[in-house]
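Encoded as structure tokens, the structure appears first; notes follow it.
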Amino acid sequence: MNERVAPTRTPAFEARLRKRYAAERRFKLIGLAAILFSVAVLAFLLITMTINGIGGFQRTELNVPIDFTESGLAGDPGRLAGTDGTRYLELQGLPAVVEFYAEEALGPEAVAELDPNAWRDVAQAIIDDPEILQGEEVFALPAGSDLAAGYAGEGSPDMQAIAADLAQQGKIEDNFDFGFLERADATDPQRVGIWGALKGSMLTMIVTLLLAFPIGVMAALYLEEYAPKNRWTDLIEVSINNLAAVPSIIFGLLGLAVFLSIFPNFRSAPLIGGMTLALMTMPVIVISGRNAIKAVPPSIRDGALAVGASPVQVVFHHVLPLALPGILTGTIIGMARALGETAPLLMIGMRAFVATPPDGFTSPATVLPVQIFLWSDEIDRGFVERTSAAIIILLLFLLLMNGLAIYLRNRFEKKW
């Protein structure tokens with residue numbers, strides 16, 4: 001009977017073993033270093049944007065006390081509650097009242113640097129609460145861009161001196177600008193807001209999702225479950241893969257040539273922007289959808305057919321629900337790419353100056369990436385901080401959208 005001989009660990013074998021273990025340790029260290037580097041870059045980006053963007057959420061304001069008991073303004077609640085409430089106060093001389101008390105509190109040099117439309121903030125406060133007209137109130141009114149720059153230590157020496165004098169008196173300060181989240185674009189960085197662009201992005205993404213998701217999913221189901229395997233389907237598959245890699249500006253040219261020719265009156269509208277971005281997003285959804293459908297085990301199909309389900313029931317009751325998490329992953333990637341696109345939207349004219357938020361899908365609008373691009377091109381330093389604040393809003397919007405999509409993906413995920 002043969003006896004088993006214990007394998008011998010020769011020096012060469014030991015050397016190869018040590019070399020293999022050393023290579024494995026190096027690989028782990030390289031992987032850990034790559035993760036740490038990625039986290040460090042992300043943290044640097046977020047910290048830098050946060051530091052630069054904090055100032056963008058603030059506005060330089062002047063404290064102006066106004067005694068309405070001596071102003072002679074009437075506060076008819078019916079007129080104030082109407083659509084022409086601001087006009088009603090303007091005809092009574094509210095701009096002159098605000099200018100008088102501002103000059104009395106700040107002096108003639110400083111009042112010249114008060115925002116010309118500051119009285120509109122007072123008018124809105126009166127409309128919200130007519131009881132203000134019965135007493136004295138201190139308003140924080142926006143300063144002009146020159147005085148704001150002087151308060152920040154920039155601009156002309158005269159503005160810096162005026163700002164320093166007002167600061168010493170406690171009449172000028174930087175306050176959180178809630179209106180930045182409520183207003184639309186403007187020519188003055190003190191009066192710009194992000195709501196117009198944010199609402200335009202929401203409307204555009206809704207159109208993109210409503211068009212790209214169902215069409216992309218149906219195309220993936222047909223190509224994977226029903227289409228015959230021949231040269232035509234191979235050509236379609238190659239074309240879809242190529243479309244996913246086409247530069248985004250090409251889709252902008254396509255939207256300019258096709259959609260604006262069909263809907264010439266909807267230029268710069270979320271409808272046209274969403275249709276253009278849907279063309280760009282659809283190939284990504286189709287590719288991820290096909291891969292997710294392929295990943296469903298054949299036993300699921302066979303089992304469903306064995307118990308009497310029709311081919312359509314197999315697809316929509318078994319295959320699609322199991323593939324939906326993978327499809328949603330592709331949708332997240334496609335929508336995130338679409339949200340950050342600028343070039344195709346510039347091609348279809350969504351770079352217009354839009355001073356009011358869009359009312360619907362066919363109203364003139366802009367989107368967050370385009371708004372950031374336009375503000376970054378401004379000379380006034382105030383727009384630099386506003387640009388950083390808009391980037392933070394864009395990142396938060398992207399995180400919120402992705403978080404919702406990930407929740408839905410996990411909600412529909414099934415195990416077998």
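Order determines the names: the first chain of the structure tokens is A, the second B, and so forth; residues in each chain are numbered 1 upward, and ligands are numbered 1 upward as they are shown.
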Would you mind listing, for every residue of stretch 62-126 of chain A within 10 Å of stretch 185-204 of chain A, the two atoms forming the shortest contact and the distance between them in Å to one decimal, using only C-alpha atoms, sorted by chain and ascending residue number, as JSON lines?
{"residue": "A:Asp115", "atom": "CA", "partner": "A:Gln190", "partner_atom": "CA", "distance": 8.4}
{"residue": "A:Asn117", "atom": "CA", "partner": "A:Arg191", "partner_atom": "CA", "distance": 9.2}
{"residue": "A:Ala118", "atom": "CA", "partner": "A:Arg191", "partner_atom": "CA", "distance": 9.6}
Using the selection just defined, write its residues with C-alpha atoms as a PDB file, in the first residue's frame.
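Result file is again26.pdb:
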ATOM      1  CA  ASP A 115     -30.873  99.827  -4.685  1.00  0.00           C
ATOM      2  CA  ASN A 117     -35.913  99.053  -6.493  1.00  0.00           C
ATOM      3  CA  ALA A 118     -35.549  98.796  -2.718  1.00  0.00           C
TER       4      ALA A 118
END
Just want the 8 Å neighbourhood of A:Ala244, counted on only C-alpha atoms, with same-chain residues fewer than 3 positions away dropped. Output as a PyMOL selection string. chain A and resi 240-241+280-281+283-284
Would you return as a PyMOL selection string the members of stretch 118-332 of chain A that DSSP assigns to strand (DSSP E) on this structure's backbone? chain A and resi 136-142+172-176
Quick one: everything within 10 Å of stretch 217-231 of chain A, counting only C-alpha atoms, minus sequence neighbours fewer than 2 positions away in the same chain. Send it as a short mmCIF file (atom, residue, chain, number, x, y, z; two decimals) with C-alpha atoms, in the first residue's frame.
data_model
loop_
_atom_site.label_atom_id
_atom_site.label_comp_id
_atom_site.auth_asym_id
_atom_site.auth_seq_id
_atom_site.Cartn_x
_atom_site.Cartn_y
_atom_site.Cartn_z
CA ALA A 212 -37.12 58.95 -22.23
CA PHE A 213 -38.13 56.42 -19.56
CA PRO A 214 -41.19 54.73 -21.11
CA ILE A 215 -39.81 54.81 -24.66
CA THR A 233 -31.43 44.30 -35.04
CA ASP A 234 -27.63 44.14 -34.94
CA LEU A 235 -27.54 47.45 -36.83
CA ILE A 236 -30.04 48.97 -34.39
CA GLU A 237 -27.99 47.76 -31.42
CA MET A 282 -32.82 57.44 -24.12
CA PRO A 283 -29.82 55.39 -25.41
CA ILE A 285 -31.80 53.78 -20.61
CA VAL A 286 -32.09 51.33 -23.51
CA ILE A 287 -28.61 49.89 -22.93
CA SER A 288 -29.03 49.56 -19.15
CA GLY A 289 -32.53 48.17 -19.66
CA ARG A 290 -31.31 45.44 -22.01
CA ASN A 291 -28.54 44.47 -19.61
CA ALA A 292 -30.99 44.33 -16.71
CA ILE A 293 -33.42 42.18 -18.71
CA LYS A 294 -30.61 39.81 -19.71
CA PRO A 311 -45.50 35.54 -23.19
CA VAL A 312 -46.80 39.05 -22.51
CA VAL A 315 -42.54 39.90 -19.67
CA PHE A 316 -44.67 42.39 -17.75
CA VAL A 319 -39.23 39.88 -16.20
CA LEU A 320 -39.88 43.63 -16.04
CA LEU A 324 -36.69 47.36 -12.92
CA ILE A 327 -33.32 49.93 -15.39
CA LEU A 328 -33.68 52.60 -12.70
CA THR A 331 -32.14 56.06 -15.60
#
Taking only C-alpha atoms into account, which of A:Thr342, A:Ser363, A:Gln371, A:Asn265 comes nearest A:Ala389? A:Gln371
Write out as a PyMOL selection string all residues of stretch 177-314 of chain A that backbone DSSP assigns to alpha helix (DSSP H). chain A and resi 195-221+231-244+248-257+259-262+270-294+298-306+311-314
Output file for the residues above (C-alpha atoms, as a PDB file, in the first residue's frame):
ATOM      1  CA  TRP A 195     -35.831  79.948  -8.312  1.00  0.00           C
ATOM      2  CA  GLY A 196     -36.435  80.719 -11.988  1.00  0.00           C
ATOM      3  CA  ALA A 197     -33.594  78.463 -13.139  1.00  0.00           C
ATOM      4  CA  LEU A 198     -34.430  75.790 -10.546  1.00  0.00           C
ATOM      5  CA  LYS A 199     -38.062  75.648 -11.656  1.00  0.00           C
ATOM      6  CA  GLY A 200     -36.930  75.532 -15.290  1.00  0.00           C
ATOM      7  CA  SER A 201     -34.671  72.563 -14.463  1.00  0.00           C
ATOM      8  CA  MET A 202     -37.534  70.769 -12.730  1.00  0.00           C
ATOM      9  CA  LEU A 203     -39.898  71.249 -15.658  1.00  0.00           C
ATOM     10  CA  THR A 204     -37.216  70.212 -18.155  1.00  0.00           C
ATOM     11  CA  MET A 205     -36.353  67.066 -16.174  1.00  0.00           C
ATOM     12  CA  ILE A 206     -40.044  66.140 -15.944  1.00  0.00           C
ATOM     13  CA  VAL A 207     -40.393  66.306 -19.727  1.00  0.00           C
ATOM     14  CA  THR A 208     -37.147  64.357 -20.164  1.00  0.00           C
ATOM     15  CA  LEU A 209     -38.236  61.601 -17.792  1.00  0.00           C
ATOM     16  CA  LEU A 210     -41.762  61.300 -19.196  1.00  0.00           C
ATOM     17  CA  LEU A 211     -40.379  60.863 -22.708  1.00  0.00           C
ATOM     18  CA  ALA A 212     -37.120  58.950 -22.227  1.00  0.00           C
ATOM     19  CA  PHE A 213     -38.130  56.419 -19.560  1.00  0.00           C
ATOM     20  CA  PRO A 214     -41.192  54.727 -21.113  1.00  0.00           C
ATOM     21  CA  ILE A 215     -39.806  54.815 -24.658  1.00  0.00           C
ATOM     22  CA  GLY A 216     -36.402  53.540 -23.518  1.00  0.00           C
ATOM     23  CA  VAL A 217     -37.898  50.713 -21.456  1.00  0.00           C
ATOM     24  CA  MET A 218     -40.270  49.642 -24.233  1.00  0.00           C
ATOM     25  CA  ALA A 219     -37.410  49.679 -26.748  1.00  0.00           C
ATOM     26  CA  ALA A 220     -35.252  47.551 -24.442  1.00  0.00           C
ATOM     27  CA  LEU A 221     -38.070  45.053 -23.912  1.00  0.00           C
ATOM     28  CA  ARG A 231     -28.622  41.999 -39.267  1.00  0.00           C
ATOM     29  CA  TRP A 232     -31.237  44.713 -38.797  1.00  0.00           C
ATOM     30  CA  THR A 233     -31.430  44.299 -35.045  1.00  0.00           C
ATOM     31  CA  ASP A 234     -27.632  44.140 -34.943  1.00  0.00           C
ATOM     32  CA  LEU A 235     -27.545  47.450 -36.830  1.00  0.00           C
ATOM     33  CA  ILE A 236     -30.043  48.974 -34.388  1.00  0.00           C
ATOM     34  CA  GLU A 237     -27.995  47.758 -31.417  1.00  0.00           C
ATOM     35  CA  VAL A 238     -24.796  49.259 -32.827  1.00  0.00           C
ATOM     36  CA  SER A 239     -26.602  52.529 -33.555  1.00  0.00           C
ATOM     37  CA  ILE A 240     -27.945  52.762 -29.985  1.00  0.00           C
ATOM     38  CA  ASN A 241     -24.476  52.112 -28.544  1.00  0.00           C
ATOM     39  CA  ASN A 242     -23.048  54.822 -30.774  1.00  0.00           C
ATOM     40  CA  LEU A 243     -25.784  57.284 -29.788  1.00  0.00           C
ATOM     41  CA  ALA A 244     -24.870  56.833 -26.121  1.00  0.00           C
ATOM     42  CA  SER A 248     -24.214  66.254 -26.273  1.00  0.00           C
ATOM     43  CA  ILE A 249     -23.935  69.275 -28.542  1.00  0.00           C
ATOM     44  CA  ILE A 250     -24.948  67.065 -31.481  1.00  0.00           C
ATOM     45  CA  PHE A 251     -28.290  66.475 -29.790  1.00  0.00           C
ATOM     46  CA  GLY A 252     -28.578  70.238 -29.386  1.00  0.00           C
ATOM     47  CA  LEU A 253     -28.118  70.650 -33.135  1.00  0.00           C
ATOM     48  CA  LEU A 254     -30.760  67.976 -33.709  1.00  0.00           C
ATOM     49  CA  GLY A 255     -33.187  69.751 -31.384  1.00  0.00           C
ATOM     50  CA  LEU A 256     -32.472  73.043 -33.130  1.00  0.00           C
ATOM     51  CA  ALA A 257     -33.085  71.537 -36.579  1.00  0.00           C
ATOM     52  CA  PHE A 259     -38.017  70.487 -32.648  1.00  0.00           C
ATOM     53  CA  LEU A 260     -37.698  74.227 -33.190  1.00  0.00           C
ATOM     54  CA  SER A 261     -38.803  73.758 -36.782  1.00  0.00           C
ATOM     55  CA  ILE A 262     -41.961  72.002 -35.565  1.00  0.00           C
ATOM     56  CA  PRO A 270     -38.782  73.454 -20.975  1.00  0.00           C
ATOM     57  CA  LEU A 271     -40.785  71.424 -23.496  1.00  0.00           C
ATOM     58  CA  ILE A 272     -38.120  71.774 -26.202  1.00  0.00           C
ATOM     59  CA  GLY A 273     -35.280  71.389 -23.691  1.00  0.00           C
ATOM     60  CA  GLY A 274     -36.824  68.229 -22.253  1.00  0.00           C
ATOM     61  CA  MET A 275     -37.366  66.714 -25.705  1.00  0.00           C
ATOM     62  CA  THR A 276     -33.746  67.425 -26.643  1.00  0.00           C
ATOM     63  CA  LEU A 277     -32.364  65.929 -23.419  1.00  0.00           C
ATOM     64  CA  ALA A 278     -34.698  62.936 -23.808  1.00  0.00           C
ATOM     65  CA  LEU A 279     -32.940  62.075 -27.076  1.00  0.00           C
ATOM     66  CA  MET A 280     -29.627  62.131 -25.241  1.00  0.00           C
ATOM     67  CA  THR A 281     -30.877  60.109 -22.250  1.00  0.00           C
ATOM     68  CA  MET A 282     -32.819  57.439 -24.119  1.00  0.00           C
ATOM     69  CA  PRO A 283     -29.823  55.389 -25.409  1.00  0.00           C
ATOM     70  CA  VAL A 284     -28.442  55.074 -21.864  1.00  0.00           C
ATOM     71  CA  ILE A 285     -31.803  53.777 -20.611  1.00  0.00           C
ATOM     72  CA  VAL A 286     -32.093  51.331 -23.508  1.00  0.00           C
ATOM     73  CA  ILE A 287     -28.610  49.888 -22.931  1.00  0.00           C
ATOM     74  CA  SER A 288     -29.029  49.564 -19.154  1.00  0.00           C
ATOM     75  CA  GLY A 289     -32.526  48.173 -19.658  1.00  0.00           C
ATOM     76  CA  ARG A 290     -31.308  45.445 -22.007  1.00  0.00           C
ATOM     77  CA  ASN A 291     -28.538  44.474 -19.611  1.00  0.00           C
ATOM     78  CA  ALA A 292     -30.995  44.326 -16.709  1.00  0.00           C
ATOM     79  CA  ILE A 293     -33.418  42.179 -18.706  1.00  0.00           C
ATOM     80  CA  LYS A 294     -30.605  39.810 -19.711  1.00  0.00           C
ATOM     81  CA  PRO A 298     -34.172  32.040 -17.686  1.00  0.00           C
ATOM     82  CA  SER A 299     -35.732  29.857 -14.998  1.00  0.00           C
ATOM     83  CA  ILE A 300     -38.073  32.747 -14.145  1.00  0.00           C
ATOM     84  CA  ARG A 301     -39.389  32.768 -17.697  1.00  0.00           C
ATOM     85  CA  ASP A 302     -39.592  28.982 -17.880  1.00  0.00           C
ATOM     86  CA  GLY A 303     -41.412  28.733 -14.562  1.00  0.00           C
ATOM     87  CA  ALA A 304     -43.947  31.387 -15.548  1.00  0.00           C
ATOM     88  CA  LEU A 305     -44.624  29.701 -18.892  1.00  0.00           C
ATOM     89  CA  ALA A 306     -44.937  26.326 -17.158  1.00  0.00           C
ATOM     90  CA  PRO A 311     -45.499  35.535 -23.191  1.00  0.00           C
ATOM     91  CA  VAL A 312     -46.799  39.052 -22.515  1.00  0.00           C
ATOM     92  CA  GLN A 313     -47.599  38.162 -18.902  1.00  0.00           C
ATOM     93  CA  VAL A 314     -44.133  36.667 -18.496  1.00  0.00           C
TER      94      VAL A 314
END
Straight-line distance linking atom CA of A:Ile162 with atom CA of A:Glu385, stated in Å to one decimal: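 Taking atom CA of A:Ile162 as the start and atom CA of A:Glu385 as the end point, the length is 22.3 Å.
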So which residues touch stretch 144-151 of chain A within 9 Å, counting only C-alpha atoms, skipping near sequence neighbours fewer than 3 positions away, as a ChimeraX atom specification? /A:59-61,110,112-116,154-164,167,172-173,188-190,380-382
Taking into account only C-alpha atoms, which residue in the set A:Leu396, A:Asp121, A:Gly334, A:Gly326 is nearest to A:Ala245?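 Looking only at the distances to A:Ala245, the closest residue turns out to be A:Gly334.
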Who sits within 12 Å of stretch 124-133 of chain A, only C-alpha atoms, same chain under 2 positions skipped, as a ChimeraX atom specification: /A:65-90,94,117-122,135-141,179
Kindly export the residues of the current selection with N, CA and C atoms, as a CSV table (one decimal), in the first residue's frame.
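What landed in selection_20.csv:
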chain,number,residue,atom,x,y,z
A,65,PRO,N,-35.1,102.9,9.1
A,65,PRO,CA,-36.4,103.0,9.8
A,65,PRO,C,-37.3,103.9,9.1
A,66,ILE,N,-38.6,103.5,9.0
A,66,ILE,CA,-39.6,104.3,8.3
A,66,ILE,C,-40.8,104.5,9.2
A,67,ASP,N,-41.2,105.7,9.5
A,67,ASP,CA,-42.4,106.0,10.3
A,67,ASP,C,-43.6,106.3,9.4
A,68,PHE,N,-44.4,105.2,9.3
A,68,PHE,CA,-45.6,105.3,8.3
A,68,PHE,C,-46.7,106.2,8.9
A,69,THR,N,-46.7,106.5,10.1
A,69,THR,CA,-47.7,107.4,10.7
A,69,THR,C,-47.6,108.8,10.1
A,70,GLU,N,-46.5,109.2,9.6
A,70,GLU,CA,-46.3,110.5,9.0
A,70,GLU,C,-46.1,110.5,7.5
A,71,SER,N,-46.3,109.3,6.9
A,71,SER,CA,-46.0,109.1,5.5
A,71,SER,C,-47.2,109.5,4.7
A,72,GLY,N,-48.4,109.4,5.2
A,72,GLY,CA,-49.6,109.7,4.5
A,72,GLY,C,-50.1,108.6,3.6
A,73,LEU,N,-49.5,107.4,3.7
A,73,LEU,CA,-49.9,106.3,2.9
A,73,LEU,C,-51.2,105.6,3.4
A,74,ALA,N,-52.1,105.3,2.4
A,74,ALA,CA,-53.3,104.6,2.8
A,74,ALA,C,-53.2,103.2,2.5
A,75,GLY,N,-53.8,102.4,3.4
A,75,GLY,CA,-53.6,100.9,3.3
A,75,GLY,C,-54.9,100.2,3.1
A,76,ASP,N,-55.6,100.5,2.0
A,76,ASP,CA,-56.9,99.8,1.7
A,76,ASP,C,-56.6,98.4,1.5
A,77,PRO,N,-57.1,97.5,2.4
A,77,PRO,CA,-56.8,96.0,2.3
A,77,PRO,C,-57.3,95.5,0.9
A,78,GLY,N,-58.4,96.0,0.4
A,78,GLY,CA,-58.9,95.4,-0.9
A,78,GLY,C,-57.9,95.8,-2.0
A,79,ARG,N,-57.4,97.0,-2.0
A,79,ARG,CA,-56.5,97.4,-3.1
A,79,ARG,C,-55.2,96.7,-2.9
A,80,LEU,N,-54.7,96.5,-1.7
A,80,LEU,CA,-53.4,95.9,-1.4
A,80,LEU,C,-53.4,94.4,-1.8
A,81,ALA,N,-54.6,93.8,-1.6
A,81,ALA,CA,-54.7,92.3,-1.9
A,81,ALA,C,-54.8,92.0,-3.3
A,82,GLY,N,-55.1,93.0,-4.1
A,82,GLY,CA,-55.3,92.8,-5.6
A,82,GLY,C,-53.9,92.6,-6.3
A,83,THR,N,-54.0,92.4,-7.6
A,83,THR,CA,-52.8,92.1,-8.4
A,83,THR,C,-52.0,93.4,-8.6
A,84,ASP,N,-52.6,94.6,-8.4
A,84,ASP,CA,-51.9,95.8,-8.6
A,84,ASP,C,-51.6,96.5,-7.2
A,85,GLY,N,-51.3,95.7,-6.2
A,85,GLY,CA,-51.0,96.3,-4.9
A,85,GLY,C,-49.8,97.1,-4.9
A,86,THR,N,-48.7,96.6,-5.6
A,86,THR,CA,-47.5,97.4,-5.7
A,86,THR,C,-47.7,98.7,-6.4
A,87,ARG,N,-48.4,98.6,-7.5
A,87,ARG,CA,-48.7,99.8,-8.3
A,87,ARG,C,-49.5,100.8,-7.5
A,88,TYR,N,-50.5,100.3,-6.7
A,88,TYR,CA,-51.3,101.2,-5.8
A,88,TYR,C,-50.4,102.0,-4.8
A,89,LEU,N,-49.4,101.3,-4.2
A,89,LEU,CA,-48.5,102.0,-3.3
A,89,LEU,C,-47.6,102.9,-4.0
A,90,GLU,N,-47.2,102.5,-5.2
A,90,GLU,CA,-46.3,103.4,-6.0
A,90,GLU,C,-47.0,104.7,-6.4
A,94,LEU,N,-44.8,105.8,-2.5
A,94,LEU,CA,-44.0,105.0,-1.6
A,94,LEU,C,-42.5,105.1,-2.0
A,117,ASN,N,-34.7,99.8,-6.7
A,117,ASN,CA,-35.9,99.1,-6.5
A,117,ASN,C,-36.1,98.6,-5.0
A,118,ALA,N,-35.4,99.2,-4.1
A,118,ALA,CA,-35.5,98.8,-2.7
A,118,ALA,C,-37.0,99.0,-2.2
A,119,TRP,N,-37.6,100.0,-2.7
A,119,TRP,CA,-39.0,100.4,-2.3
A,119,TRP,C,-39.9,99.2,-2.5
A,120,ARG,N,-39.6,98.4,-3.5
A,120,ARG,CA,-40.5,97.2,-3.8
A,120,ARG,C,-40.5,96.2,-2.7
A,121,ASP,N,-39.4,96.1,-2.0
A,121,ASP,CA,-39.3,95.2,-0.8
A,121,ASP,C,-40.2,95.8,0.3
A,122,VAL,N,-40.2,97.1,0.5
A,122,VAL,CA,-41.1,97.7,1.4
A,122,VAL,C,-42.6,97.5,1.0
A,135,GLY,N,-47.6,102.2,12.2
A,135,GLY,CA,-46.5,102.5,13.2
A,135,GLY,C,-45.2,102.7,12.4
A,136,GLU,N,-44.1,102.5,13.2
A,136,GLU,CA,-42.7,102.6,12.6
A,136,GLU,C,-42.1,101.2,12.5
A,137,GLU,N,-41.3,101.0,11.4
A,137,GLU,CA,-40.7,99.7,11.1
A,137,GLU,C,-39.3,100.0,10.6
A,138,VAL,N,-38.4,99.1,10.9
A,138,VAL,CA,-37.1,99.1,10.4
A,138,VAL,C,-36.9,98.1,9.3
A,139,PHE,N,-36.5,98.5,8.1
A,139,PHE,CA,-36.4,97.6,7.0
A,139,PHE,C,-34.9,97.4,6.6
A,140,ALA,N,-34.6,96.2,6.3
A,140,ALA,CA,-33.3,95.8,5.7
A,140,ALA,C,-33.4,95.9,4.2
A,141,LEU,N,-32.9,97.0,3.6
A,141,LEU,CA,-33.1,97.1,2.2
A,141,LEU,C,-31.8,96.9,1.4
A,179,GLY,N,-34.6,85.7,-0.3
A,179,GLY,CA,-35.1,86.0,-1.7
A,179,GLY,C,-34.3,85.4,-2.8
Which value, in Å to one decimal, gives the distance between atom CA of A:Leu345 and atom CA of A:Gly55?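 Taking atom CA of A:Leu345 and atom CA of A:Gly55, their separation equals 28.3 Å.
Coordinates place atom CA of A:Asn63 at a distance of 10.9 Å from atom CA of A:Asn175.
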Which residue of A:Arg386, A:Lys19, A:His318, A:Arg351 approaches A:Val370 most closely, using only C-alpha atoms: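 For A:Val370, the nearest of the candidates is A:Arg351.
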